[in-house]
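Visitor: Below is the file my_file_0.txt, with compact mmCIF, C-alpha atoms.
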```
# COMPACT_ATOMS: atom_id res chain seq x y z
CA MET A 1 -20.45 3.16 -9.79
CA LYS A 2 -18.45 5.79 -11.66
CA PHE A 3 -15.00 4.69 -12.77
CA VAL A 4 -12.32 7.09 -11.51
CA ASP A 5 -8.65 6.28 -12.05
CA GLU A 6 -7.03 9.55 -10.91
CA ALA A 7 -7.41 11.61 -7.74
CA THR A 8 -5.48 14.19 -5.73
CA ILE A 9 -5.76 14.13 -1.93
CA ASP A 10 -4.25 15.87 1.08
CA VAL A 11 -3.24 13.76 4.07
CA ALA A 12 -2.14 15.01 7.48
CA ALA A 13 -0.81 12.79 10.22
CA GLY A 14 -1.50 13.73 13.82
CA ASP A 15 0.85 15.99 15.80
CA GLY A 16 2.51 14.59 18.89
CA GLY A 17 1.21 15.60 22.29
CA ASN A 18 3.19 18.04 24.44
CA GLY A 19 5.23 16.90 27.40
CA CYS A 20 4.21 17.97 30.91
CA ALA A 21 6.25 19.69 33.62
CA SER A 22 4.83 18.65 36.98
CA PHE A 23 5.98 17.73 40.49
CA ARG A 24 4.53 15.34 43.00
CA HIS A 25 2.46 17.00 45.72
CA GLU A 26 1.72 14.61 48.56
CA LYS A 27 1.29 15.15 52.27
CA TYR A 28 4.50 14.65 54.22
CA LYS A 29 6.53 14.43 50.95
CA GLU A 30 7.89 17.87 50.47
CA PHE A 31 10.34 16.94 47.71
CA GLY A 32 8.36 14.38 45.73
CA GLY A 33 10.31 14.96 42.54
CA PRO A 34 9.20 15.39 38.90
CA ASP A 35 6.20 13.38 37.62
CA GLY A 36 5.35 15.02 34.29
CA GLY A 37 4.69 12.42 31.58
CA ASP A 38 5.51 12.41 27.86
CA GLY A 39 2.99 13.31 25.17
CA GLY A 40 1.39 10.65 22.99
CA ARG A 41 2.37 9.93 19.40
CA GLY A 42 0.23 11.40 16.64
CA GLY A 43 -1.82 9.07 14.48
CA HIS A 44 -0.34 7.65 11.25
CA VAL A 45 -2.10 7.60 7.87
CA TYR A 46 -1.96 4.23 6.09
CA ALA A 47 -2.93 3.09 2.61
CA LEU A 48 -4.37 -0.42 2.30
CA ALA A 49 -4.76 -2.36 -0.95
CA ASP A 50 -8.33 -3.70 -1.03
CA ALA A 51 -9.12 -6.32 -3.67
CA SER A 52 -12.85 -5.51 -3.48
CA LEU A 53 -12.31 -1.99 -4.88
CA ASN A 54 -11.77 -1.17 -8.55
CA THR A 55 -12.05 2.62 -8.66
CA LEU A 56 -10.80 5.72 -6.83
CA VAL A 57 -14.25 7.25 -6.65
CA ASP A 58 -14.06 7.39 -2.84
CA PHE A 59 -11.38 10.08 -3.19
CA ARG A 60 -13.18 12.13 -5.83
CA PHE A 61 -15.08 14.37 -3.41
CA THR A 62 -13.52 13.67 0.00
CA ARG A 63 -9.99 14.90 -0.51
CA ARG A 64 -8.59 15.70 2.92
CA PHE A 65 -7.82 13.11 5.55
CA GLU A 66 -6.46 13.98 9.00
CA ALA A 67 -5.36 11.62 11.74
CA HIS A 68 -5.88 12.51 15.41
CA ARG A 69 -3.14 14.20 17.39
CA GLY A 70 -1.58 12.60 20.45
CA GLU A 71 -2.79 13.48 23.93
CA HIS A 72 -0.67 15.78 26.08
CA GLY A 73 1.30 14.34 28.98
CA LYS A 74 -0.05 14.83 32.50
CA GLY A 75 1.18 14.81 36.06
CA SER A 76 1.30 11.74 38.31
CA ASP A 77 3.52 9.94 35.79
CA MET A 78 0.72 9.83 33.16
CA PHE A 79 1.78 9.63 29.54
CA GLY A 80 -0.51 10.90 26.79
CA VAL A 81 -2.54 8.44 24.70
CA LYS A 82 -1.42 8.07 21.10
CA GLY A 83 -3.69 9.46 18.39
CA ASP A 84 -5.92 7.15 16.37
CA ASP A 85 -4.52 6.01 13.03
CA ILE A 86 -6.60 6.16 9.85
CA VAL A 87 -6.50 3.61 7.03
CA LEU A 88 -7.40 4.62 3.46
CA LYS A 89 -8.57 1.68 1.36
CA MET A 90 -7.45 1.83 -2.27
CA PRO A 91 -7.76 -0.53 -5.25
CA VAL A 92 -4.95 -2.95 -5.98
CA GLY A 93 -2.74 -1.35 -8.62
CA THR A 94 -2.85 2.18 -7.19
CA ILE A 95 0.28 4.30 -7.58
CA ILE A 96 0.83 6.87 -4.80
CA ALA A 97 3.01 9.80 -5.84
CA ASP A 98 3.95 13.19 -4.43
CA ALA A 99 1.67 15.74 -6.11
CA GLU A 100 4.36 18.44 -6.14
CA THR A 101 7.45 16.54 -7.28
CA GLY A 102 5.82 13.60 -9.06
CA GLU A 103 8.03 11.15 -7.16
CA VAL A 104 6.43 7.73 -6.84
CA LEU A 105 6.24 6.85 -3.15
CA HIS A 106 4.43 3.51 -3.16
CA GLU A 107 2.73 1.03 -5.48
CA LEU A 108 0.01 -1.22 -4.07
CA LEU A 109 0.48 -4.43 -6.02
CA GLN A 110 -0.66 -7.12 -3.58
CA PRO A 111 -4.09 -7.45 -1.92
CA GLY A 112 -3.83 -6.62 1.77
CA GLU A 113 -0.58 -4.66 1.32
CA GLN A 114 -0.40 -1.74 3.75
CA VAL A 115 2.02 1.19 3.61
CA THR A 116 2.50 4.35 5.67
CA ILE A 117 1.85 7.48 3.63
CA ALA A 118 2.08 10.02 6.47
CA LYS A 119 3.86 9.45 9.78
CA GLY A 120 2.50 10.86 13.01
CA GLY A 121 4.68 13.16 15.10
CA ASP A 122 6.41 11.84 18.21
CA GLY A 123 5.22 13.02 21.58
CA GLY A 124 7.17 15.63 23.53
CA PHE A 125 9.15 14.79 26.66
CA GLY A 126 7.86 15.60 30.12
CA ASN A 127 10.16 16.75 32.92
CA MET A 128 10.26 13.21 34.31
CA HIS A 129 12.29 12.30 31.23
CA TYR A 130 15.11 14.65 32.29
CA LYS A 131 15.40 13.39 35.88
CA SER A 132 18.90 12.31 36.82
CA SER A 133 21.16 12.07 39.85
CA THR A 134 22.45 15.58 39.21
CA ASN A 135 19.20 17.12 37.98
CA ARG A 136 16.76 16.33 40.78
CA ALA A 137 14.14 18.94 39.93
CA PRO A 138 14.10 19.42 36.11
CA ARG A 139 11.64 21.90 34.71
CA GLN A 140 12.33 21.14 31.07
CA LYS A 141 9.62 19.87 28.76
CA THR A 142 9.32 19.74 24.99
CA PRO A 143 6.36 20.19 22.66
CA GLY A 144 5.22 17.37 20.42
CA TRP A 145 6.67 16.98 16.96
CA PRO A 146 4.37 17.87 14.05
CA GLY A 147 2.96 15.08 11.90
CA GLU A 148 3.71 14.80 8.20
CA LYS A 149 1.46 16.64 5.76
CA ARG A 150 1.45 15.70 2.11
CA ALA A 151 -0.38 16.35 -1.12
CA LEU A 152 -0.62 13.04 -2.96
CA LYS A 153 -1.62 12.07 -6.46
CA LEU A 154 -3.31 8.70 -6.82
CA GLU A 155 -3.27 6.90 -10.16
CA LEU A 156 -4.88 3.54 -10.77
CA LYS A 157 -3.41 1.07 -13.23
CA VAL A 158 -5.48 -2.07 -13.22
CA LEU A 159 -3.61 -5.34 -12.84
CA ALA A 160 -4.37 -7.65 -15.74
CA ASP A 161 -2.44 -10.33 -17.61
CA VAL A 162 -3.92 -9.61 -21.04
CA GLY A 163 -5.09 -6.36 -22.61
CA LEU A 164 -7.53 -6.00 -25.51
CA LEU A 165 -6.59 -3.42 -28.12
CA GLY A 166 -8.60 -2.28 -31.10
CA MET A 167 -10.85 0.25 -32.78
CA PRO A 168 -14.30 1.05 -31.40
CA ASN A 169 -16.77 -1.73 -32.32
CA ALA A 170 -13.95 -4.20 -33.04
CA GLY A 171 -15.63 -6.68 -30.70
CA LYS A 172 -13.50 -6.34 -27.57
CA SER A 173 -16.44 -6.22 -25.17
CA THR A 174 -18.13 -9.10 -26.95
CA LEU A 175 -14.94 -11.17 -26.65
CA ILE A 176 -14.46 -10.50 -22.92
CA SER A 177 -18.10 -11.42 -22.30
CA ALA A 178 -17.66 -14.62 -24.32
CA ILE A 179 -14.57 -15.91 -22.50
CA SER A 180 -15.29 -14.62 -18.97
CA ASN A 181 -18.17 -13.70 -16.65
CA ALA A 182 -17.69 -9.99 -17.28
CA ARG A 183 -20.82 -8.35 -18.67
CA PRO A 184 -19.88 -4.99 -20.21
CA LYS A 185 -22.39 -2.95 -22.17
CA ILE A 186 -22.48 -4.04 -25.82
CA ALA A 187 -24.14 -1.98 -28.54
CA ASP A 188 -23.79 -1.26 -32.25
CA TYR A 189 -22.36 2.24 -31.93
CA PRO A 190 -18.78 3.45 -31.33
CA PHE A 191 -17.48 4.14 -27.82
CA THR A 192 -20.03 1.93 -26.10
CA THR A 193 -17.24 1.05 -23.64
CA LEU A 194 -16.59 4.13 -21.52
CA HIS A 195 -14.31 2.66 -18.85
CA PRO A 196 -12.07 -0.40 -18.44
CA ASN A 197 -13.67 -3.76 -17.71
CA LEU A 198 -11.88 -6.69 -16.11
CA GLY A 199 -12.77 -10.34 -16.66
CA VAL A 200 -11.32 -13.50 -15.14
CA VAL A 201 -10.95 -16.27 -17.72
CA ARG A 202 -11.16 -19.76 -16.24
CA VAL A 203 -9.11 -22.18 -18.33
CA ALA A 204 -9.29 -25.17 -15.96
CA ALA A 205 -9.26 -25.90 -12.25
CA GLU A 206 -6.85 -23.43 -10.59
CA LYS A 207 -5.87 -22.10 -14.02
CA SER A 208 -7.01 -18.61 -14.96
CA PHE A 209 -5.88 -15.20 -16.15
CA VAL A 210 -7.29 -11.67 -16.10
CA VAL A 211 -8.27 -9.74 -19.24
CA ALA A 212 -8.67 -5.96 -19.43
CA ASP A 213 -10.98 -4.34 -21.98
CA VAL A 214 -10.43 -0.60 -22.51
CA PRO A 215 -12.30 1.89 -24.71
CA GLY A 216 -11.39 1.67 -28.38
CA LEU A 217 -8.61 3.72 -29.93
CA ILE A 218 -8.91 5.93 -32.98
CA GLU A 219 -6.33 7.76 -35.03
CA GLY A 220 -5.07 10.83 -33.17
CA ALA A 221 -5.62 9.28 -29.75
CA SER A 222 -2.17 10.34 -28.56
CA GLU A 223 -3.25 13.96 -29.18
CA GLY A 224 -6.46 13.48 -27.21
CA ALA A 225 -8.95 12.21 -29.80
CA GLY A 226 -11.52 9.74 -28.57
CA LEU A 227 -11.47 8.04 -25.18
CA GLY A 228 -8.91 5.26 -25.39
CA HIS A 229 -5.82 7.39 -24.74
CA GLN A 230 -7.12 8.15 -21.24
CA PHE A 231 -7.09 4.46 -20.35
CA LEU A 232 -4.01 3.14 -22.15
CA ARG A 233 -2.15 3.26 -18.84
CA HIS A 234 -4.25 0.29 -17.75
CA LEU A 235 -2.49 -1.84 -20.38
CA GLN A 236 1.02 -0.96 -19.18
CA ARG A 237 1.11 -3.78 -16.61
CA THR A 238 -0.22 -6.47 -18.91
CA ARG A 239 2.01 -9.26 -20.22
CA LEU A 240 0.30 -9.68 -23.58
CA LEU A 241 -1.77 -7.51 -25.92
CA LEU A 242 -4.47 -8.93 -28.19
CA HIS A 243 -5.01 -6.62 -31.15
CA LEU A 244 -8.56 -7.18 -32.40
CA VAL A 245 -9.24 -6.32 -36.01
CA ASP A 246 -12.75 -6.24 -37.49
CA VAL A 247 -12.39 -8.14 -40.78
CA ALA A 248 -15.98 -7.40 -41.85
CA PRO A 249 -16.76 -3.73 -41.06
CA PHE A 250 -20.28 -2.44 -41.83
CA ASP A 251 -18.87 0.40 -43.91
CA GLU A 252 -17.30 -1.09 -47.02
CA GLY A 253 -15.14 2.00 -47.41
CA VAL A 254 -13.29 1.24 -44.14
CA ASP A 255 -9.95 -0.50 -44.53
CA PRO A 256 -9.18 -2.80 -41.55
CA VAL A 257 -5.47 -2.76 -42.39
CA ALA A 258 -5.27 1.04 -42.30
CA GLN A 259 -7.11 1.06 -38.98
CA ALA A 260 -4.78 -1.55 -37.50
CA LYS A 261 -1.69 0.39 -38.61
CA ALA A 262 -3.11 3.59 -37.13
CA ILE A 263 -3.62 1.93 -33.75
CA VAL A 264 -0.08 0.56 -33.72
CA ALA A 265 1.24 4.03 -34.53
CA GLU A 266 -0.79 5.59 -31.68
CA LEU A 267 0.48 2.91 -29.33
CA LYS A 268 4.07 3.78 -30.16
CA LYS A 269 3.45 7.51 -29.67
CA PHE A 270 1.89 6.89 -26.26
CA ASP A 271 4.55 4.62 -24.74
CA GLN A 272 7.46 2.78 -26.35
CA ALA A 273 7.46 0.13 -23.62
CA LEU A 274 3.78 -0.59 -24.28
CA TYR A 275 4.49 -0.80 -28.01
CA ASP A 276 7.28 -3.32 -27.35
CA LYS A 277 5.03 -5.72 -25.43
CA PRO A 278 4.12 -9.03 -27.13
CA ARG A 279 1.15 -8.33 -29.38
CA TRP A 280 -0.95 -10.99 -31.09
CA LEU A 281 -3.25 -10.38 -34.04
CA VAL A 282 -6.84 -11.52 -33.51
CA LEU A 283 -9.08 -11.31 -36.58
CA ASN A 284 -12.64 -11.02 -35.32
CA LYS A 285 -16.06 -11.43 -36.97
CA VAL A 286 -14.87 -14.10 -39.41
CA ASP A 287 -18.41 -15.52 -39.30
CA MET A 288 -19.48 -12.51 -41.38
CA LEU A 289 -17.23 -13.55 -44.28
CA PRO A 290 -18.44 -15.99 -46.94
CA GLY A 291 -16.68 -19.33 -46.69
CA ASP A 292 -15.03 -19.05 -50.11
CA GLU A 293 -13.65 -15.57 -49.37
CA ARG A 294 -12.53 -16.04 -45.78
CA GLU A 295 -9.08 -17.56 -46.34
CA LYS A 296 -8.20 -15.15 -49.14
CA ARG A 297 -9.26 -12.07 -47.17
CA ILE A 298 -7.40 -13.15 -44.04
CA GLN A 299 -4.20 -13.84 -45.95
CA ASP A 300 -4.49 -10.44 -47.65
CA ILE A 301 -4.87 -8.62 -44.29
CA VAL A 302 -1.90 -10.41 -42.71
CA LYS A 303 0.26 -9.82 -45.79
CA ARG A 304 -0.53 -6.10 -45.96
CA LEU A 305 0.14 -5.70 -42.24
CA LYS A 306 3.51 -7.47 -42.68
CA TYR A 307 2.74 -9.25 -39.43
CA LYS A 308 4.95 -12.22 -38.47
CA GLY A 309 3.51 -13.18 -35.07
CA PRO A 310 0.65 -15.47 -34.03
CA VAL A 311 -2.64 -14.94 -35.87
CA PHE A 312 -6.02 -16.13 -34.59
CA GLU A 313 -9.30 -16.24 -36.49
CA ILE A 314 -12.30 -15.94 -34.19
CA SER A 315 -15.89 -14.90 -33.92
CA ALA A 316 -16.57 -13.46 -30.49
CA LEU A 317 -20.32 -13.60 -31.17
CA THR A 318 -20.47 -17.32 -32.02
CA ARG A 319 -17.34 -18.15 -29.94
CA GLU A 320 -15.70 -19.77 -32.93
CA GLY A 321 -11.94 -20.05 -32.29
CA CYS A 322 -12.21 -18.57 -28.78
CA GLU A 323 -11.26 -21.78 -26.98
CA LEU A 324 -8.01 -22.15 -28.94
CA LEU A 325 -7.19 -18.48 -28.29
CA VAL A 326 -7.80 -18.87 -24.54
CA GLN A 327 -5.59 -21.96 -24.32
CA LYS A 328 -2.72 -20.34 -26.21
CA VAL A 329 -2.95 -17.15 -24.14
CA TYR A 330 -2.85 -19.10 -20.88
CA GLN A 331 0.19 -21.08 -22.04
CA HIS A 332 1.99 -17.85 -22.89
CA ILE A 333 1.08 -16.19 -19.57
CA ALA A 334 2.14 -19.27 -17.60
CA LYS A 335 5.49 -19.38 -19.42
CA VAL A 336 6.14 -15.67 -18.81
CA HIS A 337 5.31 -16.13 -15.13
CA THR A 338 7.64 -19.11 -14.84
CA ASP A 339 10.48 -17.31 -16.60
CA SER A 340 10.12 -14.32 -14.28
CA LEU A 341 10.63 -16.39 -11.13
CA PRO A 342 14.10 -16.22 -9.57
CA PRO A 343 16.27 -19.32 -10.03
CA VAL A 344 15.95 -21.88 -7.29
CA GLU A 345 19.13 -22.17 -5.25
CA VAL A 346 20.16 -25.77 -4.78
CA ASP A 347 22.03 -26.76 -1.65
CA PRO A 348 25.39 -28.09 -2.87
CA ARG A 349 25.22 -30.82 -0.27
CA PHE A 350 22.35 -32.43 -2.15
CA VAL A 351 23.71 -32.13 -5.67
CA ASP A 352 24.29 -35.49 -7.27
CA THR A 353 27.98 -36.18 -7.56
CA PRO A 354 29.52 -38.99 -9.60
CA GLU A 355 30.54 -41.96 -7.54
CA ALA A 356 34.26 -42.48 -7.03
CA PRO A 357 35.71 -45.40 -9.07
```
Here is a file; write its structure as structure tokens.

Guide:
Amino acid sequence: MKFVDEATIDVAAGDGGNGCASFRHEKYKEFGGPDGGDGGRGGHVYALADASLNTLVDFRFTRRFEAHRGEHGKGSDMFGVKGDDIVLKMPVGTIIADAETGEVLHELLQPGEQVTIAKGGDGGFGNMHYKSSTNRAPRQKTPGWPGEKRALKLELKVLADVGLLGMPNAGKSTLISAISNARPKIADYPFTTLHPNLGVVRVAAEKSFVVADVPGLIEGASEGAGLGHQFLRHLQRTRLLLHLVDVAPFDEGVDPVAQAKAIVAELKKFDQALYDKPRWLVLNKVDMLPGDEREKRIQDIVKRLKYKGPVFEISALTREGCELLVQKVYQHIAKVHTDSLPPVEVDPRFVDTPEAP
């Protein structure tokens, strides 16, 4: 299935049905009075967050969605039937914005969340609505109100706890396949990863977190070079970034430190808030370094990067160091989640008070 994370659609709610002007016509009842019913409401357009979807490809080619209009009112006190609603299923993490103004209307952050994106028009009033003690034979009726019509821009930002950051071929896809059941394509050429991949990492029973792997970044990504800049938005909702650095590149002329600094610079150009997120340094492919050179090379990379945060030495291929990394990441995510919860209000009646002497 093709990964699509942006789409523009037109939605139109149903118009309300017209009211009816009618009078009762029965034998021996010359003045039966008004019996024109109201029109039915037009159908609404809803957006539903569906956890089984992970792309907006359904809106790539079908771009206009119209709900049914309400039925017109009829005589004999018959009201019009309301128009059928339509529900558009979207992936969790979809942002719905007005295509003309750019105003964000809704964000679908919880599975099963449903919001109204276009409201159907109310039905018009029939002449029965205007009946009163002084207006015995009203002939007024009103047309139905039009339904809302909108041009909407849909943007998908995947919901993940941890994001993997790094150059092409740094080992991001290999790492996500090693610590989760995700099976992205892995090959020995740059830009093997063409779209984000999500993996659920099981730490223990009822303990897990979600990792997002996006295409690798290269220098100049903020100006459009490479693929990664198109998908950096998917890291904006993460709570932690793991910056993977290839400590044993195939080309001896490549400097891992220069590459790491270039990625950090591109990250800052793209979004300051994303740059300010907690970012851990993960030195990958340490199994490719000779044992007597490993410690010296790692210390040299960390020193030249002037990095003061947590550093992890792993081999995604052999899974060396991956278990420690997973445990530390889960502890960090759990702590961030706990700190974000609102304080629990304690009923003052149950607060322990010192006993009177």

Visitor: Skipping near chain neighbours, those fewer than 5 positions away, what residues fall within 6 Å of A:Gly123 using all atoms listed in the file, listed as a PyMOL selection string?

Guide: chain A and resi 16-17+39-41+144

Visitor: Return the single residue from A:Asn18, A:Thr55, A:Thr134, A:Thr101 that is closest to A:Arg69, with distances computed using only C-alpha atoms.

Guide: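 The closest residue to A:Arg69 is A:Asn18.
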
Visitor: Could you give me, as a VMD selection string, the residues within 6 Å of stretch 284-297 of chain A, counting all atoms listed in the file and dropping anything in the same chain fewer than 4 positions from it?

Guide: chain A and resid 245 to 246 314 to 315

Visitor: Out of A:Lys153, A:Val115, A:Val57, A:Phe125, which residue has the shortest atom-to-atom distance to A:Glu103 when counting only C-alpha atoms?

Guide: A:Lys153

Visitor: So that I can check the surroundings of A:Ile95, please list as number ranges by chain every protein, DNA and RNA residue that reaches within 7 Å of it, counting only C-alpha atoms and ignoring chain neighbours fewer than 2 positions away.

Guide: A: 93, 97, 106-108, 154-156

Visitor: Any chance you can output those residues with C-alpha atoms as an mmCIF file, in the coordinates of the input?

Guide:
```
data_model
loop_
_atom_site.group_PDB
_atom_site.id
_atom_site.type_symbol
_atom_site.label_atom_id
_atom_site.label_comp_id
_atom_site.auth_asym_id
_atom_site.auth_seq_id
_atom_site.Cartn_x
_atom_site.Cartn_y
_atom_site.Cartn_z
ATOM 1 C CA GLY A 93 -2.740 -1.350 -8.620
ATOM 2 C CA ALA A 97 3.010 9.800 -5.840
ATOM 3 C CA HIS A 106 4.430 3.510 -3.160
ATOM 4 C CA GLU A 107 2.730 1.030 -5.480
ATOM 5 C CA LEU A 108 0.010 -1.220 -4.070
ATOM 6 C CA LEU A 154 -3.310 8.700 -6.820
ATOM 7 C CA GLU A 155 -3.270 6.900 -10.160
ATOM 8 C CA LEU A 156 -4.880 3.540 -10.770
#
```

Visitor: Distance atom CA of A:Asp84-atom CA of A:His68, one decimal place?

Guide: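 Those two atoms sit 5.4 Å apart.
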
Visitor: Which residue gives the smallest distance to A:Ala21 among A:Val201, A:Ala67, A:Ala49, A:Met128, with all atoms listed in the file counted?

Guide: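 Nearest to A:Ala21: A:Met128.
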
Visitor: What is the atom CA of A:Lys268 to atom CA of A:Val254 distance in Å?

Guide: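 If I compute the distance from atom CA of A:Lys268 to atom CA of A:Val254, I get 22.4 Å.
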
Visitor: Select, from A:Val203, A:Gln114, A:Lys303, A:Arg239, the residue with the minimum atom-to-atom distance to A:Leu324, counting only C-alpha atoms.

Guide: A:Val203

Visitor: So which residues are close to (0.7, 8.2, 5.3), meaning at most 10 Å away in the file's coordinates with only C-alpha atoms counted, and can you show them as a PyMOL selection string?

Guide: chain A and resi 11-13+43-47+65-67+85-88+115-120+147-150+152

Visitor: How would the residues just chosen look if you wrote them out with C-alpha atoms as an mmCIF file, in the coordinates of the input?

Guide:
```
data_model
loop_
_atom_site.group_PDB
_atom_site.id
_atom_site.type_symbol
_atom_site.label_atom_id
_atom_site.label_comp_id
_atom_site.auth_asym_id
_atom_site.auth_seq_id
_atom_site.Cartn_x
_atom_site.Cartn_y
_atom_site.Cartn_z
ATOM 1 C CA VAL A 11 -3.240 13.760 4.070
ATOM 2 C CA ALA A 12 -2.140 15.010 7.480
ATOM 3 C CA ALA A 13 -0.810 12.790 10.220
ATOM 4 C CA GLY A 43 -1.820 9.070 14.480
ATOM 5 C CA HIS A 44 -0.340 7.650 11.250
ATOM 6 C CA VAL A 45 -2.100 7.600 7.870
ATOM 7 C CA TYR A 46 -1.960 4.230 6.090
ATOM 8 C CA ALA A 47 -2.930 3.090 2.610
ATOM 9 C CA PHE A 65 -7.820 13.110 5.550
ATOM 10 C CA GLU A 66 -6.460 13.980 9.000
ATOM 11 C CA ALA A 67 -5.360 11.620 11.740
ATOM 12 C CA ASP A 85 -4.520 6.010 13.030
ATOM 13 C CA ILE A 86 -6.600 6.160 9.850
ATOM 14 C CA VAL A 87 -6.500 3.610 7.030
ATOM 15 C CA LEU A 88 -7.400 4.620 3.460
ATOM 16 C CA VAL A 115 2.020 1.190 3.610
ATOM 17 C CA THR A 116 2.500 4.350 5.670
ATOM 18 C CA ILE A 117 1.850 7.480 3.630
ATOM 19 C CA ALA A 118 2.080 10.020 6.470
ATOM 20 C CA LYS A 119 3.860 9.450 9.780
ATOM 21 C CA GLY A 120 2.500 10.860 13.010
ATOM 22 C CA GLY A 147 2.960 15.080 11.900
ATOM 23 C CA GLU A 148 3.710 14.800 8.200
ATOM 24 C CA LYS A 149 1.460 16.640 5.760
ATOM 25 C CA ARG A 150 1.450 15.700 2.110
ATOM 26 C CA LEU A 152 -0.620 13.040 -2.960
#
```

Visitor: Considering all atoms listed in the file, state which residue in the set A:Leu48, A:Arg139, A:Gly73, A:Gly121 is at the smallest distance from A:Phe23.

Guide: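 Among the listed residues, A:Arg139 lies closest to A:Phe23.
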
Visitor: Could you check how far atom CA of A:Val282 sits from atom CA of A:Gly199, in Å to one decimal?

Guide: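 Atom CA of A:Gly199 lies at a distance of 17.9 Å from atom CA of A:Val282.
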
Visitor: Give the answer as one residue: which of A:Asp122, A:Asp77, A:Asp98, A:Asp5 has the shortest atom-to-atom distance to A:Leu232, using all atoms listed in the file?

Guide: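 When distances to A:Leu232 are compared using all atoms listed in the file, the smallest one comes from A:Asp5.
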
Visitor: Tell me which residues come within 6 Å of (5.1, -0.3, -21.3), as a list in words, counting all atoms listed in the file in the file's coordinates.

Guide: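 Residues with an atom close enough to that point: Gln236, Ala273 and Leu274 of chain A.
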
Visitor: Generate a file of the selected residues that holds C-alpha atoms, formatted as a PDB file, in the frame of the given file.

Guide:
```
ATOM      1  CA  GLN A 236       1.020  -0.960 -19.180  1.00  0.00           C
ATOM      2  CA  ALA A 273       7.460   0.130 -23.620  1.00  0.00           C
ATOM      3  CA  LEU A 274       3.780  -0.590 -24.280  1.00  0.00           C
TER       4      LEU A 274
END
```
